[in-house]
Amino acid sequence: MNSVDLDRAHVWHPFTPTDAWFDPHFKPVMIASARGSVLLDEEGNAYLDGNSSIWTNMHGHNHPVINQAIKDQLDRVAHTSYLGLGHGPGSRLGEKLTALVGPDKYRVFYSDDGATAIEAALKITLQHFDQINQPQRRLFVSLGNGYHGDTVGAMSVGHSSFHTGHFNSLMFPSIEVMQPGCYRCLCNRATPERADARAYRQCEWQCLASLEKVFQERGNEIAALVLEPRVQGAAGMVMHPEGYLAKAAKIAKDAGAMLILDEVMTGFGRTGEMFAADHEGVKADLIALAKGLTGGYLPLGATLIREEIFQSYRGPIERTFYHGHSYCGNQLGCAAALANLELFDTEHTLDKIRDRAAQLKSLSQIFWQHPHVGDIRQDGLILGIELVEDFTTRKPFPFERRIAYHVSERAKRYGLLARGAGNVLILMPPYSTTKEQLDKMVEALYRGLCEELPA
Ligand SMILES: Cc1ncc(COP(=O)(O)O)c(C=O)c1O
């Protein structure tokens, strides 16, 4: 059997409608190798990696520096337990990560991926409040349509019923507050224009007022505010108005609650700064990292925690954090992450991202020529294009239309692998993407749109 038949006989894919995968007209792409921003399938077809391999890849595939770091580590040891044991790569990575978010002192707790990094943040927060004699702080507040992963705790603070509808009985209650997404916000009274929704916001900051109200009413029961800073990824690259993050952070701080920032998608340069929170000078109490942490090579999660929180875990044995995973602090993952961070310096990656982001901004304007484009949102190397049935009323396409999926399928024929969310087309190229490759990505996506929805 070839690998497609074997796959169809034995494998189940995440976030993949089953019948679509088995549709005889659908030809699954089986990736065989990759270099830089190009993926090659088993038949030798080349595709540009327009979603950075589900938002993980940073400096490109098969990068010699990361490859070598993993090989060197592999020749020493691949993995050892992190329970009561340590190792050099974990220590050095801890030093580097905490320095990146400093100058305040932080500490790192390793896990396996984004969801587990969030899960650890939630539990560390609750146990911390028990240990500082504020056991009444049990509640989490988080944004409508947020997405933090698929484990039960991460789902509970997610408010993404489309993902979690079947699992409500498992989830703990958390307080949902208004999503600060200007394009679909009923409080934004500005007339739609063909411009960034952030720029034409006209409102009284009702999103912040609703957050403030929750904290006024239940402030001393709230353990933490949990946010994807600046950009809500799975919600469809919903971008928050400038200043929201800093103001929301202050509301949480003033109430004595923690701020947990989920930088799983935005971390490591995506928005043009190392972390999205850097744009507004916000320092969280706990920060969840994963995806790009290893440059897109290996699964590794990290939760950064303020030292004061960690200090509440010192003392008698009951203060132990009884939480972890077999592969916490995996040595290969830590070695890859160290090489990933080194490349930010040696390849001047942030400058590269900003140059490419400026190019993406100008290229993306072509989408305004299409009547079904309602909003174009961009932050660094994240581009979201929201498609609407009707531009004036902003009427969305019905969910079952799977419009972004169909446009992306068409773009595949022009050599682009992209993956949208709902009605939002997404482009999120690796930082290795050349000027010419970015031109091709945008062209392929636009052609896909024009074919799927002839103007
Ligand atoms: C903001 C955010 N947090 C958490 C997660 C979950 O990460 P993982 O898929 O590695 O568990 C994701 C995944 O897309 C994400 O975008």
# chains A, B, ... in the order shown; residues from 1 in each chain; ligands from 1

$ residues_around --residues "A:Arg356" --least-positions-apart "3" --cutoff "12 Å" --atoms "only C-alpha atoms" --output "ChimeraX atom specification"
/A:270-272,349-353,359-364,379-383,428-439

$ residues_around --residues "A:Ala69" --least-positions-apart "6" --cutoff "7 Å" --atoms "only C-alpha atoms" --output "count of residues only"
3

$ residues_near_ligand --ligand "ligand 1" --cutoff "10 Å" --atoms "only C-alpha atoms and all ligand atoms" --output "ChimeraX atom specification"
/A:54-56,112-119,146-151,154-155,158,227-229,231-235,237,261-267,288-292,299-301

$ select_by_dssp --residues "stretch 90-190 of chain A" --states "helix (DSSP H, G or I)" --output "JSON, numbers by chain"
{"A": [90, 91, 92, 93, 94, 95, 96, 97, 98, 99, 100, 101, 114, 115, 116, 117, 118, 119, 120, 121, 122, 123, 124, 125, 126, 127, 128, 129, 130, 131, 152, 153, 154, 155, 156, 161, 162, 163, 164, 165, 166, 167, 168, 169, 170, 182, 183, 184]}

$ residues_around --residues "A:Ser81" --least-positions-apart "4" --cutoff "9 Å" --atoms "only C-alpha atoms" --output "ChimeraX atom specification"
/A:85-86,326-330

$ write_last_selection --atoms "all heavy atoms" --output "mmCIF file, in the first residue's frame"
data_model
loop_
_atom_site.group_PDB
_atom_site.id
_atom_site.type_symbol
_atom_site.label_atom_id
_atom_site.label_comp_id
_atom_site.auth_asym_id
_atom_site.auth_seq_id
_atom_site.Cartn_x
_atom_site.Cartn_y
_atom_site.Cartn_z
ATOM 1 N N LEU A 85 15.611 15.611 38.612
ATOM 2 C CA LEU A 85 16.890 15.575 37.877
ATOM 3 C C LEU A 85 16.968 16.822 37.003
ATOM 4 O O LEU A 85 15.927 17.399 36.685
ATOM 5 C CB LEU A 85 16.931 14.383 36.927
ATOM 6 C CG LEU A 85 17.367 13.003 37.400
ATOM 7 C CD1 LEU A 85 17.314 12.043 36.214
ATOM 8 C CD2 LEU A 85 18.779 13.041 37.959
ATOM 9 N N GLY A 86 18.168 17.183 36.591
ATOM 10 C CA GLY A 86 18.284 18.339 35.702
ATOM 11 C C GLY A 86 19.229 18.035 34.563
ATOM 12 O O GLY A 86 19.758 16.942 34.447
ATOM 13 N N SER A 326 5.936 13.122 31.436
ATOM 14 C CA SER A 326 7.133 12.293 31.259
ATOM 15 C C SER A 326 8.210 13.018 30.455
ATOM 16 O O SER A 326 9.397 12.867 30.710
ATOM 17 C CB SER A 326 6.788 10.998 30.525
ATOM 18 O OG SER A 326 5.698 10.372 31.137
ATOM 19 N N TYR A 327 7.764 13.801 29.465
ATOM 20 C CA TYR A 327 8.741 14.440 28.579
ATOM 21 C C TYR A 327 9.022 15.909 28.925
ATOM 22 O O TYR A 327 9.576 16.638 28.100
ATOM 23 C CB TYR A 327 8.290 14.307 27.115
ATOM 24 C CG TYR A 327 8.554 12.921 26.559
ATOM 25 C CD1 TYR A 327 7.560 11.955 26.546
ATOM 26 C CD2 TYR A 327 9.817 12.578 26.085
ATOM 27 C CE1 TYR A 327 7.808 10.679 26.056
ATOM 28 C CE2 TYR A 327 10.081 11.307 25.603
ATOM 29 C CZ TYR A 327 9.071 10.356 25.589
ATOM 30 O OH TYR A 327 9.327 9.100 25.095
ATOM 31 N N CYS A 328 8.670 16.320 30.133
ATOM 32 C CA CYS A 328 8.996 17.697 30.562
ATOM 33 C C CYS A 328 10.490 17.947 30.358
ATOM 34 O O CYS A 328 11.322 17.123 30.767
ATOM 35 C CB CYS A 328 8.742 17.857 32.065
ATOM 36 S SG CYS A 328 7.079 18.338 32.472
ATOM 37 N N GLY A 329 10.822 19.064 29.767
ATOM 38 C CA GLY A 329 12.226 19.454 29.654
ATOM 39 C C GLY A 329 13.020 18.550 28.736
ATOM 40 O O GLY A 329 14.245 18.427 28.889
ATOM 41 N N ASN A 330 12.367 17.946 27.767
ATOM 42 C CA ASN A 330 13.064 17.036 26.843
ATOM 43 C C ASN A 330 14.362 17.678 26.325
ATOM 44 O O ASN A 330 14.366 18.808 25.845
ATOM 45 C CB ASN A 330 12.115 16.707 25.685
ATOM 46 C CG ASN A 330 12.795 15.919 24.608
ATOM 47 O OD1 ASN A 330 13.234 16.469 23.619
ATOM 48 N ND2 ASN A 330 12.892 14.616 24.801
#

$ residues_around --residues "A:Val65" --least-positions-apart "3" --cutoff "10 Å" --atoms "only C-alpha atoms" --output "PyMOL selection string"
chain A and resi 59+62+68-71+336+339-340+342-343

$ write_last_selection --atoms "C-alpha atoms" --output "mmCIF file, in the first residue's frame"
data_model
loop_
_atom_site.group_PDB
_atom_site.id
_atom_site.type_symbol
_atom_site.label_atom_id
_atom_site.label_comp_id
_atom_site.auth_asym_id
_atom_site.auth_seq_id
_atom_site.Cartn_x
_atom_site.Cartn_y
_atom_site.Cartn_z
ATOM 1 C CA HIS A 59 13.644 30.157 10.588
ATOM 2 C CA ASN A 62 15.941 21.894 7.715
ATOM 3 C CA GLN A 68 23.234 20.375 14.077
ATOM 4 C CA ALA A 69 22.159 21.315 17.599
ATOM 5 C CA ILE A 70 19.702 18.413 17.654
ATOM 6 C CA LYS A 71 22.264 15.991 16.192
ATOM 7 C CA ALA A 336 16.546 22.922 19.457
ATOM 8 C CA ALA A 339 19.595 27.041 18.639
ATOM 9 C CA ASN A 340 16.317 28.730 17.669
ATOM 10 C CA GLU A 342 20.624 31.915 18.933
ATOM 11 C CA LEU A 343 19.431 32.386 15.340
#

$ closest_residue --among "A:Gly90, A:Pro28, A:Pro398, A:Pro180" --to "A:Ala248" --atoms "only C-alpha atoms"
A:Pro180
